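Below is one structure, written out as structure tokens; the observations come after it.
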Amino acid sequence: MLATLASLPALSQKTFDITVANDYSKNKQSVPVVIGLKEYGISVKSATVTDGGKEIPCQLDDINQDGEFDELCFITDINKKSSKQFTVTLYEEGTPRTYEPQVYVEMLLSNKKVKESNKQNLYISELTVDNGTNPYWCLHHHGAAFENDMVAYRIYFDHRQTVDIYGKYKKRLELKETQFYPDNTQKATGYGDDVLWVGSTLGLGTLRGWDGKQPTMLENVDKRSQKIIARGPIRTIVEVKDKGWTPQGMTHPIDMTALYTLYAGRRECSIDVTFNKPAKGYSFSTGIINVKNSTEYSDKKGLRGCWGTDWPVSAKDSAGHKRETVGLGIYIPSEYIVSEEPANKDNYAYVIATGSDKLHYKITFCSDNETFGYHSDKEWYNFLKEWKEDIEHPVRIVKQ
């Protein structure tokens with residue numbers, strides 16, 4: 001027996017410490033900490049993270065979908081001008097730990113046999129369609145939808161690829177029950193709802209082409225796809241891919257992959273775009289919808305927001321809805337900005353570009369319905385300023 005035990009391979013693991021330092025003069029809440037795993041030289045199957053000896057939720061993700069976990073993430077609060085130490089253990093055996101979900105994501109095909117809009121049951125993880133195919137009406141809530149306890153987003157699966165939003169009254173996960181379309185009973189008990197009509201506008205931070213005068217749709221695409229990359233428990237990631245996209249006015253196609261990441265405890269969605277080649281010479285656009293009668297804020301350095309009130313659906317569908325007041329925001333690093341366009345009836349737009357194969361920016365919003373959020377343009381714009389400061393003063397991560 002002793003000889004047999006001695007011949008068994010030892011459980012391979014690596015344990016190391018991580019120091020997270022906040023050099024900023026303000027406290028930080030719900031800070032995502034992301035650690036790349038490739039450098040550790042083991043095939044990670046499970047992991048734990050401890051804070052002062054107490055295990056905290058963490059998540060393993062296969063971002064590039066090669067069958068191996070390549071990132072570990074966890075979330076922490078950290079006081080101003082201070083640091084915290086965490087112990088990470090990576091294991092080559094087992095399965096990822098299970099923690100209480102703090103986020104949720106779903107994609108569904110529309111089941112015509114199910115009449116209720118909040119009881120659809122054809123769940124999928126990804127879909128790819130060829131040029132000329134429009135799956136917008138084939139997918140429930142028209143594309144992937146994802147949430148944390150404060151906010152929820154969805155991404156239209158068509159040539160618009162618009163980012164749309166769902167506002168809440170209470171802090172909780174709701175999409176599994178409402179599927180973006182709460183029934184009257186759910187509305188009466190305080191569930192949230194769609195709070196923004198987007199039409200063909202930029203919605204909230206939708207990435208489009210630019211023809212020199214206005215944003216252009218993502219047409220002339222060989223294949224487009226949506227895929228759920230990460231389901232939680234502390235972050236969701238949705239991949240949107242446009243393969244062989246020839247923007248209007250361009251002669252050569254480019255492949256574009258965008259990752260939409262939402263963390264627990266944070267309002268913003270991070271949009272990280274990768275092209276299959278340096279995108280020098282290509283012009284893009286993004287921005288936010290000009291909500292009816294909205295006020296606008298801009299620092300002229302990549303931060304822009306609005307606060308306004310409008311019907312969240314088209315006029316013909318307005319029965320059962322009320323006018324909704326929302327605050328929208330977008331942050332674009334200055335190196336990508338070509339111009340901040342004047343407001344028109346549809347959008348507060350930017351022209352953006354990159355000389356590399358990368359592009360990234362962030363979007364955020366609030367609903368005036370929230371019991372926990374913001375209820376005036378002044379409050380919202382103050383939040384946006386603090387949000388930008390927080391982004392531009394990231395924590396330092398030191399591996400030991």
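Convention: chains lettered A, B, ... in structure tokens order; per-chain residue numbering from 1; ligands numbered from 1 as shown.
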DSSP says strand (DSSP E or B) for which residues of segment 241-368 of chain A? Put them as a PDB file with C-alpha atoms, in the first residue's frame?
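out26.pdb written:
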ATOM      1  CA  LYS A 241     -17.569  39.199 -33.841  1.00  0.00           C
ATOM      2  CA  ASP A 242     -17.823  40.701 -37.330  1.00  0.00           C
ATOM      3  CA  LYS A 243     -15.710  38.752 -39.785  1.00  0.00           C
ATOM      4  CA  GLY A 244     -14.889  40.252 -43.149  1.00  0.00           C
ATOM      5  CA  TRP A 245     -16.447  43.654 -42.432  1.00  0.00           C
ATOM      6  CA  ILE A 254     -11.272  43.793 -41.505  1.00  0.00           C
ATOM      7  CA  ASP A 255     -12.242  41.314 -38.777  1.00  0.00           C
ATOM      8  CA  MET A 256     -13.468  42.872 -35.548  1.00  0.00           C
ATOM      9  CA  THR A 257     -13.991  41.107 -32.203  1.00  0.00           C
ATOM     10  CA  ALA A 258     -15.500  43.022 -29.280  1.00  0.00           C
ATOM     11  CA  LEU A 259     -15.673  41.719 -25.714  1.00  0.00           C
ATOM     12  CA  TYR A 260     -18.389  43.260 -23.507  1.00  0.00           C
ATOM     13  CA  THR A 261     -17.466  42.714 -19.844  1.00  0.00           C
ATOM     14  CA  LEU A 262     -19.665  43.443 -16.827  1.00  0.00           C
ATOM     15  CA  TYR A 263     -18.414  42.934 -13.258  1.00  0.00           C
ATOM     16  CA  CYS A 269     -19.597  47.770 -19.192  1.00  0.00           C
ATOM     17  CA  SER A 270     -16.065  47.597 -20.626  1.00  0.00           C
ATOM     18  CA  ILE A 271     -15.768  47.229 -24.399  1.00  0.00           C
ATOM     19  CA  ASP A 272     -12.460  45.782 -25.603  1.00  0.00           C
ATOM     20  CA  VAL A 273     -12.053  45.519 -29.369  1.00  0.00           C
ATOM     21  CA  THR A 274      -9.428  43.524 -31.249  1.00  0.00           C
ATOM     22  CA  PHE A 275      -8.893  43.630 -35.007  1.00  0.00           C
ATOM     23  CA  PHE A 284     -15.097  54.365 -36.499  1.00  0.00           C
ATOM     24  CA  SER A 285     -17.771  56.067 -34.458  1.00  0.00           C
ATOM     25  CA  THR A 286     -19.453  55.638 -31.115  1.00  0.00           C
ATOM     26  CA  GLY A 287     -21.287  57.767 -28.582  1.00  0.00           C
ATOM     27  CA  ILE A 288     -24.684  57.929 -26.902  1.00  0.00           C
ATOM     28  CA  ILE A 289     -28.229  58.584 -28.031  1.00  0.00           C
ATOM     29  CA  THR A 295     -29.141  67.929 -21.029  1.00  0.00           C
ATOM     30  CA  GLU A 296     -25.552  67.168 -21.982  1.00  0.00           C
ATOM     31  CA  TYR A 297     -22.229  67.084 -20.184  1.00  0.00           C
ATOM     32  CA  SER A 298     -18.786  66.824 -21.782  1.00  0.00           C
ATOM     33  CA  LEU A 303     -16.076  61.884 -21.029  1.00  0.00           C
ATOM     34  CA  ARG A 304     -19.598  62.598 -22.215  1.00  0.00           C
ATOM     35  CA  GLY A 305     -23.032  62.078 -20.723  1.00  0.00           C
ATOM     36  CA  CYS A 306     -26.671  63.040 -20.945  1.00  0.00           C
ATOM     37  CA  TRP A 307     -29.807  63.042 -18.777  1.00  0.00           C
ATOM     38  CA  GLY A 308     -33.251  62.953 -20.335  1.00  0.00           C
ATOM     39  CA  THR A 309     -36.758  61.528 -20.464  1.00  0.00           C
ATOM     40  CA  ASP A 310     -38.545  59.709 -23.287  1.00  0.00           C
ATOM     41  CA  GLU A 324     -38.431  56.820 -18.483  1.00  0.00           C
ATOM     42  CA  THR A 325     -35.680  59.093 -17.240  1.00  0.00           C
ATOM     43  CA  VAL A 326     -32.120  57.858 -17.673  1.00  0.00           C
ATOM     44  CA  GLY A 327     -28.555  59.041 -17.348  1.00  0.00           C
ATOM     45  CA  LEU A 328     -26.069  57.785 -19.935  1.00  0.00           C
ATOM     46  CA  GLY A 329     -22.286  58.021 -19.979  1.00  0.00           C
ATOM     47  CA  ILE A 330     -19.302  57.067 -22.104  1.00  0.00           C
ATOM     48  CA  TYR A 331     -15.555  57.273 -21.467  1.00  0.00           C
ATOM     49  CA  ILE A 337     -10.497  60.366 -30.251  1.00  0.00           C
ATOM     50  CA  VAL A 338     -10.413  62.005 -33.680  1.00  0.00           C
ATOM     51  CA  SER A 339     -13.269  64.413 -32.968  1.00  0.00           C
ATOM     52  CA  GLU A 340     -16.186  65.017 -30.647  1.00  0.00           C
ATOM     53  CA  ASN A 347     -26.654  61.250 -31.120  1.00  0.00           C
ATOM     54  CA  TYR A 348     -23.852  62.713 -29.084  1.00  0.00           C
ATOM     55  CA  ALA A 349     -21.180  61.118 -31.260  1.00  0.00           C
ATOM     56  CA  TYR A 350     -17.418  60.692 -31.452  1.00  0.00           C
ATOM     57  CA  VAL A 351     -15.202  59.797 -34.385  1.00  0.00           C
ATOM     58  CA  ILE A 352     -12.540  57.397 -33.159  1.00  0.00           C
ATOM     59  CA  LYS A 358      -6.762  47.353 -30.231  1.00  0.00           C
ATOM     60  CA  LEU A 359      -9.453  49.762 -29.150  1.00  0.00           C
ATOM     61  CA  HIS A 360     -11.195  50.049 -25.796  1.00  0.00           C
ATOM     62  CA  TYR A 361     -13.670  52.278 -23.975  1.00  0.00           C
ATOM     63  CA  LYS A 362     -16.378  52.096 -21.289  1.00  0.00           C
ATOM     64  CA  ILE A 363     -20.088  52.845 -21.022  1.00  0.00           C
ATOM     65  CA  THR A 364     -22.378  53.322 -18.044  1.00  0.00           C
ATOM     66  CA  PHE A 365     -25.934  54.348 -17.155  1.00  0.00           C
ATOM     67  CA  CYS A 366     -28.507  54.802 -14.428  1.00  0.00           C
ATOM     68  CA  SER A 367     -32.289  54.806 -14.291  1.00  0.00           C
TER      69      SER A 367
END
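DSSP, applied to the backbone of this structure, assigns helix (DSSP H, G or I) to the following residues of segment 115-327 of chain A: A:His140, A:His141, A:His142, A:Leu175, A:Lys176, A:Glu177, A:Thr178, A:Asn184, A:Thr185, A:Gln186, A:Lys187, A:Ala188, A:Ala315, A:Lys316, A:Asp317.
The coordinates place atom CA of Tyr123 of chain A at 6.5 Å from atom CA of Leu109 of chain A.
Near Lys14 of chain A, within 7 Å and counting only C-alpha atoms, sit Phe16, Thr89, Leu90 and Tyr91 of chain A; same-chain residues fewer than 2 positions away were not included.
Distance-wise, atom CA of Ile63 of chain A and atom CA of Glu147 of chain A end up 18.9 Å apart.
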May I have the residues within 12 Å of Lys115 of chain A as a PyMOL selection string, using only C-alpha atoms and disregarding those fewer than 5 positions away in the same chain? chain A and resi 110+120-121+140+183
